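Here the structure is laid out as structure tokens; the discussion comes afterwards.
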Amino acid sequence: MSYLDLTIREMHEALVAKKVTPLELAKEAIERAKADKNNAFELITEKEALEFAATLVEPEKDNLLWGIPYIAKDNFSTKGIETTASSNILNGYVPLYDATVIAKLKEKKAVMIAKSTLDELAMGGTGTTGHKGVTYNPWDETHTHLIGGSSCGSAASVAASIVPFALGSDTGDSVRKPAAFAGLVGMKPTWGRISRYGLFPFAPSLDHVAYFTRSVEDGAIVLDALAGRDIHDSTSSSKPVEVYEEGIASGVKGKKIAIIREIVDSITDHVIMGAFDKTLEALKKEGAEIVYVDFGHDLLSSLYATYIVISSAEATSNDANLDGIKFGPYFSGKTYQDVMIQARTKGFSELIKRRFVIGSFSLMRENQDVLFRRAQKNRAKIVMKTNEILKDCDYIYVPAAPTVAPLASASTDKLSDEYLIADNHLSLGNFAGLPSITIPLGLENGLPFGANLMGRAFEEKALFQAAEAVEQITGLNNLSVLNKKEGNL
Ligand code: GLN
């Protein structure tokens, strides 16, 4: 057992008791990162991490992140450290400033030890489209199952106990879905709760800073550090930040929990549904009221199409600056158009090109009414319906995904309810900007699956309380591949 296998809270206690030092933790985390077999890293920031950790000598007992090692997805700007978002078009790009979350974690004296892989530019959900190739799921040594994405490397490194937390970004489900496939807690707070300054934009009306931990309480502890108004991000909220772990064990007595009927009805995996139903019984016993609600089959089936149109349109305009001139490698050409064509042809993968084509097509004047504006109107309907449910109920609770981590070779019926509804419902939290958290729910043939809770805007504290109640019921706290190796699962 190493101190790295502990949660943030436990690691903090060991640091304060001087059983271990930040430098020792950073060294071991770097060793583990170097031994990684899952292709989780763009870059290990060894020199910077060791230099910084060496300056941390006197433990700060009221600062839970003091000396804690962490990893950031490679779409957060890091001053002086190459940041590529796993895209060839950004190879060699070194930001001049830190993203606000990176600066905040530095101030808290958490130690960044690496930048992690992602699906290129955070688009995609497989962990296979970054320029470093496929990122594997540490739960599956045969490397045949995906880990999901786009925050694949961050998920893999927390699941493999390299660090107790890692930053990701979530535009449709990019933290909360891989969290389910990797047995982790994945938290995406309310839109505006965490500054996005320095996060490479994908689709800003849907983008959120999000992160992975191995316990619900750790999820609350990380939000304490990241939340808050930032003058560099005018969309960040000035609502006061809370101490999110305070009262986390208050339970769900008297709370009303909504289950969306069409989502559970479209899941065919009996192990997942059995585990989910068990938690419902236990929540009821604890005094929660469970109500089944109808969302509307057609509206739910339209989530993916709506998401693709809006996110691709926003991506097209936000990534227009990736022209091969301002950032990254330069390809020579006779005209600036030649330079751009070369850079974009060589710099982007197929998936990215496809999304930009969809985005540009949706934004063409003659298509705007039938595509972009229609998708926006539909988004408004989705948001209204979600908020209507949450007017009457405190939470929405559903399985996070219809399956465990899928096989890389699996083919999906993209028109089935299982795909359109059960595999895409996490985007509700992005459309409505609501706080949403994935928690481990069980294991099937050695692979984890998760549940998801969504709450009202800025009610993160209440969301953590419900998530903690589920964690107490399942007992799945600090789940990592090490538990599996040690035969504890
Ligand atoms: N899987 C979604 C997509 O393909 C979500 C990506 C994200 O949340 N960044 O775009």
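Residue numbering restarts at 1 in every chain; chains get A, B, ... in the order shown in the structure tokens, and ligands count up from 1 in that same order.
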
Worksheet item: Got a sec: who's within 6 Å of region 120-128 of chain A, counting only C-alpha atoms, leaving out chain neighbours fewer than 4 positions off, as an NGL selection string?
Response: :A and (85-87 or 133-135 or 148-150 or 152)

For the residues selected in the previous step, produce a file with N, CA and C atoms as a PDB file, in the first residue's frame.
```pdb
ATOM      1  N   ALA A  85      -3.948  19.775 -26.645  1.00  0.00           N
ATOM      2  CA  ALA A  85      -5.300  19.208 -26.737  1.00  0.00           C
ATOM      3  C   ALA A  85      -5.297  17.953 -27.618  1.00  0.00           C
ATOM      4  N   SER A  86      -4.195  17.235 -27.598  1.00  0.00           N
ATOM      5  CA  SER A  86      -4.032  15.996 -28.385  1.00  0.00           C
ATOM      6  C   SER A  86      -4.317  16.209 -29.859  1.00  0.00           C
ATOM      7  N   SER A  87      -3.979  17.407 -30.371  1.00  0.00           N
ATOM      8  CA  SER A  87      -4.192  17.702 -31.788  1.00  0.00           C
ATOM      9  C   SER A  87      -2.872  18.066 -32.449  1.00  0.00           C
ATOM     10  N   GLY A 133      -2.803   8.401 -30.097  1.00  0.00           N
ATOM     11  CA  GLY A 133      -3.411   7.079 -30.279  1.00  0.00           C
ATOM     12  C   GLY A 133      -4.396   6.735 -29.183  1.00  0.00           C
ATOM     13  N   VAL A 134      -4.659   5.451 -29.031  1.00  0.00           N
ATOM     14  CA  VAL A 134      -5.713   4.987 -28.120  1.00  0.00           C
ATOM     15  C   VAL A 134      -5.265   5.055 -26.660  1.00  0.00           C
ATOM     16  N   THR A 135      -6.124   5.564 -25.788  1.00  0.00           N
ATOM     17  CA  THR A 135      -5.891   5.480 -24.346  1.00  0.00           C
ATOM     18  C   THR A 135      -6.705   4.300 -23.823  1.00  0.00           C
ATOM     19  N   GLY A 148     -13.563   5.366 -22.773  1.00  0.00           N
ATOM     20  CA  GLY A 148     -14.472   6.490 -23.031  1.00  0.00           C
ATOM     21  C   GLY A 148     -13.679   7.777 -23.056  1.00  0.00           C
ATOM     22  N   GLY A 149     -14.353   8.845 -23.450  1.00  0.00           N
ATOM     23  CA  GLY A 149     -13.646  10.121 -23.531  1.00  0.00           C
ATOM     24  C   GLY A 149     -14.636  11.254 -23.420  1.00  0.00           C
ATOM     25  N   SER A 150     -14.203  12.432 -23.625  1.00  0.00           N
ATOM     26  CA  SER A 150     -12.906  12.733 -24.162  1.00  0.00           C
ATOM     27  C   SER A 150     -11.792  12.797 -23.117  1.00  0.00           C
ATOM     28  N   CYS A 152     -10.016  10.928 -21.426  1.00  0.00           N
ATOM     29  CA  CYS A 152      -9.582   9.541 -21.213  1.00  0.00           C
ATOM     30  C   CYS A 152      -8.357   9.412 -20.312  1.00  0.00           C
TER      31      CYS A 152
END
```

Which residues are near ligand 1 - at most 9 Å, using only C-alpha atoms and all ligand atoms? Format: as an mmCIF file with all heavy atoms, in the first residue's frame.
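selection_15.cif was written with the following content:
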```cif
data_model
loop_
_atom_site.group_PDB
_atom_site.id
_atom_site.type_symbol
_atom_site.label_atom_id
_atom_site.label_comp_id
_atom_site.auth_asym_id
_atom_site.auth_seq_id
_atom_site.Cartn_x
_atom_site.Cartn_y
_atom_site.Cartn_z
ATOM 1 N N ASP A 119 -9.497 12.848 -26.362
ATOM 2 C CA ASP A 119 -9.936 12.793 -27.746
ATOM 3 C C ASP A 119 -9.640 14.182 -28.308
ATOM 4 O O ASP A 119 -9.896 15.198 -27.650
ATOM 5 C CB ASP A 119 -11.443 12.513 -27.808
ATOM 6 C CG ASP A 119 -11.741 11.025 -27.664
ATOM 7 O OD1 ASP A 119 -11.154 10.237 -28.416
ATOM 8 O OD2 ASP A 119 -12.557 10.670 -26.793
ATOM 9 N N LEU A 121 -9.042 17.719 -29.291
ATOM 10 C CA LEU A 121 -9.775 18.972 -29.017
ATOM 11 C C LEU A 121 -11.012 18.758 -28.160
ATOM 12 O O LEU A 121 -11.954 19.550 -28.175
ATOM 13 C CB LEU A 121 -10.156 19.674 -30.333
ATOM 14 C CG LEU A 121 -8.980 20.122 -31.210
ATOM 15 C CD1 LEU A 121 -9.496 20.601 -32.571
ATOM 16 C CD2 LEU A 121 -8.172 21.234 -30.547
ATOM 17 N N ALA A 122 -11.044 17.646 -27.424
ATOM 18 C CA ALA A 122 -12.140 17.278 -26.508
ATOM 19 C C ALA A 122 -13.427 16.891 -27.221
ATOM 20 O O ALA A 122 -14.480 16.821 -26.612
ATOM 21 C CB ALA A 122 -12.406 18.377 -25.472
ATOM 22 N N MET A 123 -13.318 16.629 -28.525
ATOM 23 C CA MET A 123 -14.511 16.150 -29.244
ATOM 24 C C MET A 123 -14.421 14.631 -29.324
ATOM 25 O O MET A 123 -13.366 14.090 -29.621
ATOM 26 C CB MET A 123 -14.548 16.715 -30.658
ATOM 27 C CG MET A 123 -14.709 18.218 -30.663
ATOM 28 S SD MET A 123 -14.715 18.843 -32.346
ATOM 29 C CE MET A 123 -13.929 20.419 -32.094
ATOM 30 N N GLY A 124 -15.534 13.973 -29.076
ATOM 31 C CA GLY A 124 -15.523 12.512 -29.149
ATOM 32 C C GLY A 124 -15.663 11.894 -27.787
ATOM 33 O O GLY A 124 -15.496 12.560 -26.761
ATOM 34 N N GLY A 125 -15.977 10.611 -27.778
ATOM 35 C CA GLY A 125 -16.242 9.959 -26.494
ATOM 36 C C GLY A 125 -15.628 8.577 -26.391
ATOM 37 O O GLY A 125 -16.112 7.732 -25.643
ATOM 38 N N THR A 126 -14.524 8.344 -27.122
ATOM 39 C CA THR A 126 -13.974 6.988 -27.134
ATOM 40 C C THR A 126 -12.579 6.879 -26.522
ATOM 41 O O THR A 126 -12.143 5.794 -26.159
ATOM 42 C CB THR A 126 -13.877 6.470 -28.584
ATOM 43 O OG1 THR A 126 -13.084 7.412 -29.338
ATOM 44 C CG2 THR A 126 -15.258 6.335 -29.223
ATOM 45 N N GLY A 148 -13.563 5.366 -22.773
ATOM 46 C CA GLY A 148 -14.472 6.490 -23.031
ATOM 47 C C GLY A 148 -13.679 7.777 -23.056
ATOM 48 O O GLY A 148 -12.490 7.813 -22.739
ATOM 49 N N GLY A 149 -14.353 8.845 -23.450
ATOM 50 C CA GLY A 149 -13.646 10.121 -23.531
ATOM 51 C C GLY A 149 -14.636 11.254 -23.420
ATOM 52 O O GLY A 149 -15.794 11.019 -23.107
ATOM 53 N N SER A 150 -14.203 12.432 -23.625
ATOM 54 C CA SER A 150 -12.906 12.733 -24.162
ATOM 55 C C SER A 150 -11.792 12.797 -23.117
ATOM 56 O O SER A 150 -10.615 12.769 -23.462
ATOM 57 C CB SER A 150 -12.956 14.084 -24.891
ATOM 58 O OG SER A 150 -13.290 15.116 -23.992
ATOM 59 N N SER A 151 -12.149 12.844 -21.815
ATOM 60 C CA SER A 151 -11.106 13.017 -20.788
ATOM 61 C C SER A 151 -10.491 11.666 -20.421
ATOM 62 O O SER A 151 -10.416 11.299 -19.239
ATOM 63 C CB SER A 151 -11.698 13.681 -19.552
ATOM 64 O OG SER A 151 -12.466 14.810 -19.891
ATOM 65 N N GLY A 168 -10.661 17.518 -15.930
ATOM 66 C CA GLY A 168 -11.132 17.205 -17.265
ATOM 67 C C GLY A 168 -12.066 18.308 -17.713
ATOM 68 O O GLY A 168 -12.249 19.313 -17.010
ATOM 69 N N SER A 169 -12.657 18.143 -18.880
ATOM 70 C CA SER A 169 -13.686 19.085 -19.309
ATOM 71 C C SER A 169 -14.855 18.264 -19.809
ATOM 72 O O SER A 169 -14.689 17.121 -20.230
ATOM 73 C CB SER A 169 -13.146 19.993 -20.420
ATOM 74 O OG SER A 169 -12.741 19.205 -21.521
ATOM 75 N N ASP A 170 -16.059 18.840 -19.700
ATOM 76 C CA ASP A 170 -17.271 18.079 -19.990
ATOM 77 C C ASP A 170 -18.227 18.973 -20.784
ATOM 78 O O ASP A 170 -18.759 19.945 -20.269
ATOM 79 C CB ASP A 170 -17.883 17.630 -18.651
ATOM 80 C CG ASP A 170 -19.025 16.650 -18.794
ATOM 81 O OD1 ASP A 170 -19.898 16.895 -19.645
ATOM 82 O OD2 ASP A 170 -19.071 15.653 -18.039
ATOM 83 N N THR A 171 -18.393 18.646 -22.065
ATOM 84 C CA THR A 171 -19.255 19.417 -22.964
ATOM 85 C C THR A 171 -20.547 18.658 -23.252
ATOM 86 O O THR A 171 -21.600 19.259 -23.494
ATOM 87 C CB THR A 171 -18.482 19.698 -24.281
ATOM 88 O OG1 THR A 171 -17.261 20.354 -23.941
ATOM 89 C CG2 THR A 171 -19.269 20.563 -25.243
ATOM 90 N N GLY A 172 -20.426 17.309 -23.223
ATOM 91 C CA GLY A 172 -21.612 16.472 -23.443
ATOM 92 C C GLY A 172 -21.703 15.378 -22.399
ATOM 93 O O GLY A 172 -22.800 14.943 -22.029
ATOM 94 N N ASP A 173 -20.551 14.936 -21.930
ATOM 95 C CA ASP A 173 -20.458 13.867 -20.913
ATOM 96 C C ASP A 173 -19.010 13.454 -20.663
ATOM 97 O O ASP A 173 -18.742 12.440 -20.028
ATOM 98 C CB ASP A 173 -21.270 12.625 -21.320
ATOM 99 C CG ASP A 173 -20.848 12.013 -22.659
ATOM 100 O OD1 ASP A 173 -19.770 12.355 -23.165
ATOM 101 O OD2 ASP A 173 -21.611 11.164 -23.179
ATOM 102 N N SER A 174 -18.068 14.240 -21.169
ATOM 103 C CA SER A 174 -16.671 13.817 -21.262
ATOM 104 C C SER A 174 -15.944 13.507 -19.970
ATOM 105 O O SER A 174 -14.846 12.958 -20.002
ATOM 106 C CB SER A 174 -15.852 14.872 -22.007
ATOM 107 O OG SER A 174 -15.864 14.597 -23.367
ATOM 108 N N VAL A 175 -16.532 13.878 -18.840
ATOM 109 C CA VAL A 175 -15.978 13.408 -17.568
ATOM 110 C C VAL A 175 -16.919 12.362 -16.977
ATOM 111 O O VAL A 175 -16.506 11.295 -16.521
ATOM 112 C CB VAL A 175 -15.763 14.585 -16.585
ATOM 113 C CG1 VAL A 175 -15.640 14.095 -15.149
ATOM 114 C CG2 VAL A 175 -14.495 15.346 -16.974
ATOM 115 N N ARG A 176 -18.212 12.637 -17.051
ATOM 116 C CA ARG A 176 -19.160 11.774 -16.338
ATOM 117 C C ARG A 176 -19.312 10.392 -16.970
ATOM 118 O O ARG A 176 -19.600 9.433 -16.276
ATOM 119 C CB ARG A 176 -20.504 12.493 -16.208
ATOM 120 C CG ARG A 176 -20.404 13.715 -15.276
ATOM 121 C CD ARG A 176 -21.547 14.660 -15.468
ATOM 122 N NE ARG A 176 -21.543 15.195 -16.808
ATOM 123 C CZ ARG A 176 -22.620 15.480 -17.523
ATOM 124 N NH1 ARG A 176 -23.807 15.291 -16.999
ATOM 125 N NH2 ARG A 176 -22.520 15.960 -18.756
ATOM 126 N N LYS A 177 -19.094 10.267 -18.280
ATOM 127 C CA LYS A 177 -19.190 8.941 -18.915
ATOM 128 C C LYS A 177 -17.925 8.121 -18.653
ATOM 129 O O LYS A 177 -18.020 6.996 -18.162
ATOM 130 C CB LYS A 177 -19.462 9.119 -20.411
ATOM 131 C CG LYS A 177 -19.603 7.843 -21.221
ATOM 132 C CD LYS A 177 -20.912 7.131 -20.993
ATOM 133 C CE LYS A 177 -22.071 7.732 -21.748
ATOM 134 N NZ LYS A 177 -21.927 7.677 -23.212
ATOM 135 N N PHE A 202 -14.488 24.320 -26.753
ATOM 136 C CA PHE A 202 -15.034 23.396 -27.745
ATOM 137 C C PHE A 202 -16.391 23.971 -28.148
ATOM 138 O O PHE A 202 -16.583 24.409 -29.282
ATOM 139 C CB PHE A 202 -15.087 21.990 -27.127
ATOM 140 C CG PHE A 202 -15.987 20.980 -27.799
ATOM 141 C CD1 PHE A 202 -16.564 21.200 -29.043
ATOM 142 C CD2 PHE A 202 -16.242 19.759 -27.173
ATOM 143 C CE1 PHE A 202 -17.391 20.248 -29.647
ATOM 144 C CE2 PHE A 202 -17.065 18.801 -27.772
ATOM 145 C CZ PHE A 202 -17.644 19.059 -29.003
ATOM 146 N N ALA A 203 -17.329 24.028 -27.201
ATOM 147 C CA ALA A 203 -18.637 24.636 -27.451
ATOM 148 C C ALA A 203 -19.023 25.379 -26.174
ATOM 149 O O ALA A 203 -19.615 24.809 -25.262
ATOM 150 C CB ALA A 203 -19.659 23.556 -27.771
ATOM 151 N N LEU A 206 -21.870 24.941 -23.762
ATOM 152 C CA LEU A 206 -22.007 23.607 -23.151
ATOM 153 C C LEU A 206 -20.785 23.210 -22.330
ATOM 154 O O LEU A 206 -20.850 22.276 -21.522
ATOM 155 C CB LEU A 206 -22.198 22.551 -24.248
ATOM 156 C CG LEU A 206 -23.402 22.686 -25.181
ATOM 157 C CD1 LEU A 206 -23.183 21.862 -26.450
ATOM 158 C CD2 LEU A 206 -24.675 22.236 -24.489
ATOM 159 N N ASP A 207 -19.660 23.896 -22.546
ATOM 160 C CA ASP A 207 -18.396 23.516 -21.895
ATOM 161 C C ASP A 207 -18.429 23.753 -20.385
ATOM 162 O O ASP A 207 -18.888 24.807 -19.927
ATOM 163 C CB ASP A 207 -17.224 24.370 -22.435
ATOM 164 C CG ASP A 207 -16.825 24.037 -23.868
ATOM 165 O OD1 ASP A 207 -17.212 22.974 -24.374
ATOM 166 O OD2 ASP A 207 -16.100 24.869 -24.477
ATOM 167 N N HIS A 208 -17.881 22.800 -19.653
ATOM 168 C CA HIS A 208 -17.714 22.950 -18.200
ATOM 169 C C HIS A 208 -16.351 22.406 -17.799
ATOM 170 O O HIS A 208 -15.921 21.384 -18.340
ATOM 171 C CB HIS A 208 -18.722 22.092 -17.420
ATOM 172 C CG HIS A 208 -20.158 22.464 -17.598
ATOM 173 N ND1 HIS A 208 -20.841 22.303 -18.777
ATOM 174 C CD2 HIS A 208 -21.057 22.946 -16.711
ATOM 175 C CE1 HIS A 208 -22.101 22.685 -18.612
ATOM 176 N NE2 HIS A 208 -22.262 23.090 -17.364
ATOM 177 N N TYR A 307 -27.381 18.046 -29.849
ATOM 178 C CA TYR A 307 -26.024 18.248 -29.331
ATOM 179 C C TYR A 307 -25.014 18.405 -30.472
ATOM 180 O O TYR A 307 -24.156 19.305 -30.448
ATOM 181 C CB TYR A 307 -25.629 17.069 -28.425
ATOM 182 C CG TYR A 307 -24.179 17.081 -28.040
ATOM 183 C CD1 TYR A 307 -23.715 17.909 -27.021
ATOM 184 C CD2 TYR A 307 -23.251 16.303 -28.725
ATOM 185 C CE1 TYR A 307 -22.372 17.959 -26.694
ATOM 186 C CE2 TYR A 307 -21.901 16.342 -28.407
ATOM 187 C CZ TYR A 307 -21.472 17.164 -27.384
ATOM 188 O OH TYR A 307 -20.140 17.217 -27.070
ATOM 189 N N ILE A 308 -25.113 17.522 -31.460
ATOM 190 C CA ILE A 308 -24.125 17.550 -32.536
ATOM 191 C C ILE A 308 -24.220 18.854 -33.332
ATOM 192 O O ILE A 308 -23.212 19.475 -33.667
ATOM 193 C CB ILE A 308 -24.260 16.299 -33.447
ATOM 194 C CG1 ILE A 308 -23.564 15.119 -32.779
ATOM 195 C CG2 ILE A 308 -23.688 16.519 -34.838
ATOM 196 C CD1 ILE A 308 -22.045 15.265 -32.612
ATOM 197 N N SER A 311 -23.084 21.828 -30.808
ATOM 198 C CA SER A 311 -21.665 21.782 -30.413
ATOM 199 C C SER A 311 -20.760 21.935 -31.638
ATOM 200 O O SER A 311 -19.730 22.608 -31.566
ATOM 201 C CB SER A 311 -21.335 20.505 -29.637
ATOM 202 O OG SER A 311 -21.469 19.369 -30.449
ATOM 203 N N SER A 312 -21.147 21.344 -32.768
ATOM 204 C CA SER A 312 -20.283 21.465 -33.953
ATOM 205 C C SER A 312 -20.295 22.900 -34.474
ATOM 206 O O SER A 312 -19.257 23.420 -34.915
ATOM 207 C CB SER A 312 -20.725 20.511 -35.068
ATOM 208 O OG SER A 312 -20.731 19.189 -34.599
ATOM 209 N N ASN A 424 -26.901 8.849 -24.224
ATOM 210 C CA ASN A 424 -26.697 10.279 -24.493
ATOM 211 C C ASN A 424 -27.381 11.226 -23.526
ATOM 212 O O ASN A 424 -27.308 12.437 -23.699
ATOM 213 C CB ASN A 424 -27.136 10.594 -25.933
ATOM 214 C CG ASN A 424 -26.016 10.285 -26.912
ATOM 215 O OD1 ASN A 424 -24.991 10.964 -26.927
ATOM 216 N ND2 ASN A 424 -26.185 9.231 -27.691
ATOM 217 N N SER A 427 -26.018 14.575 -21.577
ATOM 218 C CA SER A 427 -25.956 15.920 -22.164
ATOM 219 C C SER A 427 -27.052 16.840 -21.611
ATOM 220 O O SER A 427 -26.956 18.059 -21.752
ATOM 221 C CB SER A 427 -26.040 15.849 -23.691
ATOM 222 O OG SER A 427 -27.264 15.261 -24.082
ATOM 223 N N ASN A 430 -25.545 19.397 -19.596
ATOM 224 C CA ASN A 430 -24.826 20.454 -20.325
ATOM 225 C C ASN A 430 -25.799 21.434 -20.949
ATOM 226 O O ASN A 430 -25.603 22.649 -20.900
ATOM 227 C CB ASN A 430 -23.939 19.844 -21.405
ATOM 228 C CG ASN A 430 -22.957 18.857 -20.832
ATOM 229 O OD1 ASN A 430 -23.335 17.738 -20.489
ATOM 230 N ND2 ASN A 430 -21.716 19.269 -20.664
#
```

Residues of region 243-314 of chain A that approach region 448-470 of chain A to 12 Å or less, counting only C-alpha atoms: could you list each one with the shortest pair of atoms and its distance in Å to one decimal, rows by chain and increasing residue number, as a tab-separated table?
```
residue	atom	partner	partner_atom	distance
A:Val243	CA	A:Lys461	CA	8.1
A:Tyr244	CA	A:Lys461	CA	5.2
A:Glu245	CA	A:Lys461	CA	7.3
A:Glu246	CA	A:Lys461	CA	8.1
A:Gly247	CA	A:Gln465	CA	7.4
A:Ile248	CA	A:Gln465	CA	4.7
A:Ala249	CA	A:Gln465	CA	6.0
A:Ser250	CA	A:Gln465	CA	6.2
A:Gly251	CA	A:Ala469	CA	5.6
A:Val252	CA	A:Ala466	CA	6.0
A:Lys253	CA	A:Ala466	CA	9.8
A:Gly254	CA	A:Ala466	CA	11.5
A:Lys255	CA	A:Ala466	CA	9.0
A:Lys256	CA	A:Ala466	CA	10.6
A:Ile257	CA	A:Leu453	CA	9.2
A:Ala258	CA	A:Leu453	CA	9.7
A:Ile259	CA	A:Leu453	CA	9.8
A:Ile260	CA	A:Leu453	CA	11.4
A:Ile263	CA	A:Asn452	CA	11.7
A:Val264	CA	A:Ala451	CA	11.3
A:Asp269	CA	A:Phe449	CA	10.8
A:Val271	CA	A:Phe449	CA	9.6
A:Ile272	CA	A:Phe449	CA	7.2
A:Met273	CA	A:Ala451	CA	10.1
A:Gly274	CA	A:Phe449	CA	11.9
A:Ala275	CA	A:Ala451	CA	9.5
A:Phe276	CA	A:Ala451	CA	7.4
A:Asp277	CA	A:Ala451	CA	10.9
A:Lys278	CA	A:Val470	CA	10.5
A:Thr279	CA	A:Val470	CA	6.9
A:Leu280	CA	A:Val470	CA	9.1
A:Glu281	CA	A:Val470	CA	11.1
A:Ala282	CA	A:Val470	CA	8.7
A:Leu283	CA	A:Val470	CA	7.7
A:Lys284	CA	A:Ala469	CA	11.3
A:Lys285	CA	A:Ala469	CA	11.6
A:Glu286	CA	A:Ala469	CA	9.0
A:Gly287	CA	A:Ala469	CA	11.3
A:Ala288	CA	A:Ala466	CA	9.9
```

Worksheet item: Quick one: distance from CA of Thr84 (chain A) to CA of Ala26 (chain A) in Å, one decimal?
Response: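 It comes out at 23.4 Å.
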
Discussion item. Would you compute the distance between CA of Ala375 (chain A) and CA of Gly296 (chain A)? Give it in Å to one decimal.
Written reply: 16.7 Å

Met1 (chain A) surroundings by only C-alpha atoms, 12 Å radius, close-in-sequence under 5 positions cut, as an mmCIF file with C-alpha atoms, in the first residue's frame:
```
data_model
loop_
_atom_site.group_PDB
_atom_site.id
_atom_site.type_symbol
_atom_site.label_atom_id
_atom_site.label_comp_id
_atom_site.auth_asym_id
_atom_site.auth_seq_id
_atom_site.Cartn_x
_atom_site.Cartn_y
_atom_site.Cartn_z
ATOM 1 C CA LEU A 6 -5.515 6.937 -0.497
ATOM 2 C CA SER A 161 -4.072 5.438 -8.481
ATOM 3 C CA LEU A 482 -5.443 -1.778 -7.275
ATOM 4 C CA ASN A 483 -8.448 -3.103 -5.338
ATOM 5 C CA LYS A 485 -5.354 -6.583 -8.324
ATOM 6 C CA GLU A 486 -5.347 -7.162 -4.588
#
```

Discussion item. When you look at region 347-359 of chain A with a cut-off of 10 Å (counting only C-alpha atoms), what residues show up, excluding the ones that are within fewer than 5 positions of it in the same chain? I need them as a PyMOL selection string.
Written reply: chain A and resi 87-91+119-124+129-131+308-317+319-320+322-324+328-329+340-342+364+371-372

Discussion item. Considering only alpha helix (DSSP H) as DSSP defines it on the backbone, what residues of region 49-259 of chain A qualify? List them as JSON, numbers by chain.
Written reply: {"A": [49, 50, 51, 52, 53, 54, 100, 101, 102, 103, 104, 105, 106, 107, 152, 153, 154, 155, 156, 157, 158, 159, 176, 177, 178, 179, 180, 181, 216, 217, 218, 219, 220, 221, 222, 223, 224, 225, 226]}

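Nearest-residue note for Glu48 (chain A): choosing from A:Leu4, A:Val20, A:Leu300, A:Ile113, the minimum distance belongs to A:Ile113, counting only C-alpha atoms.
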
Practice prompt. Taking the chain letters and numbering used in this document, name the residues of region 28-256 of chain A that DSSP puts in strand (DSSP E), as a PyMOL selection string.
Written response: chain A and resi 41-44+69-73+111-116+165-170+185-188+208-213+256

Worksheet item: So how many Å separate CA of Val163 (chain A) and CA of Asn478 (chain A), to one decimal?
Response: 11.8 Å

Discussion item. Report as number ranges by chain all protein, DNA and RNA residues lying within 6 Å of region 231-241 of chain A, evaluated on only C-alpha atoms, omitting residues in the same chain fewer than 6 positions from it.
Written reply: A: 192-193, 195, 197

Put those residues in a file: all heavy atoms, as a PDB file, in the first residue's frame.
```pdb
ATOM      1  N   GLY A 192     -20.778  28.046 -15.067  1.00  0.00           N
ATOM      2  CA  GLY A 192     -20.465  29.327 -14.413  1.00  0.00           C
ATOM      3  C   GLY A 192     -19.894  29.172 -13.010  1.00  0.00           C
ATOM      4  O   GLY A 192     -19.377  30.132 -12.440  1.00  0.00           O
ATOM      5  N   ARG A 193     -19.984  27.973 -12.449  1.00  0.00           N
ATOM      6  CA  ARG A 193     -19.485  27.786 -11.069  1.00  0.00           C
ATOM      7  C   ARG A 193     -17.946  27.792 -11.031  1.00  0.00           C
ATOM      8  O   ARG A 193     -17.314  28.224 -10.074  1.00  0.00           O
ATOM      9  CB  ARG A 193     -20.067  26.489 -10.503  1.00  0.00           C
ATOM     10  CG  ARG A 193     -19.789  26.129  -9.059  1.00  0.00           C
ATOM     11  CD  ARG A 193     -20.294  27.084  -8.001  1.00  0.00           C
ATOM     12  NE  ARG A 193     -19.759  28.437  -8.116  1.00  0.00           N
ATOM     13  CZ  ARG A 193     -20.058  29.447  -7.307  1.00  0.00           C
ATOM     14  NH1 ARG A 193     -20.916  29.258  -6.320  1.00  0.00           N
ATOM     15  NH2 ARG A 193     -19.530  30.641  -7.478  1.00  0.00           N
ATOM     16  N   SER A 195     -14.497  28.896 -13.320  1.00  0.00           N
ATOM     17  CA  SER A 195     -14.018  29.694 -14.449  1.00  0.00           C
ATOM     18  C   SER A 195     -13.451  28.795 -15.551  1.00  0.00           C
ATOM     19  O   SER A 195     -12.734  27.833 -15.270  1.00  0.00           O
ATOM     20  CB  SER A 195     -12.911  30.638 -13.965  1.00  0.00           C
ATOM     21  OG  SER A 195     -12.175  31.117 -15.077  1.00  0.00           O
ATOM     22  N   TYR A 197     -11.592  30.179 -17.967  1.00  0.00           N
ATOM     23  CA  TYR A 197     -10.480  30.934 -18.561  1.00  0.00           C
ATOM     24  C   TYR A 197      -9.271  30.008 -18.720  1.00  0.00           C
ATOM     25  O   TYR A 197      -8.814  29.383 -17.756  1.00  0.00           O
ATOM     26  CB  TYR A 197     -10.124  32.115 -17.650  1.00  0.00           C
ATOM     27  CG  TYR A 197      -8.964  32.953 -18.143  1.00  0.00           C
ATOM     28  CD1 TYR A 197      -9.072  33.732 -19.279  1.00  0.00           C
ATOM     29  CD2 TYR A 197      -7.761  32.966 -17.447  1.00  0.00           C
ATOM     30  CE1 TYR A 197      -8.002  34.503 -19.721  1.00  0.00           C
ATOM     31  CE2 TYR A 197      -6.687  33.732 -17.875  1.00  0.00           C
ATOM     32  CZ  TYR A 197      -6.824  34.493 -19.015  1.00  0.00           C
ATOM     33  OH  TYR A 197      -5.769  35.253 -19.449  1.00  0.00           O
TER      34      TYR A 197
END
```

Worksheet item: Nearest to Tyr304 (chain A) among A:Lys19, A:His145, A:His425, A:Lys34, with distances taken over only C-alpha atoms: which residue is it?
Response: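 For Tyr304 (chain A), the nearest of the candidates is A:His425.
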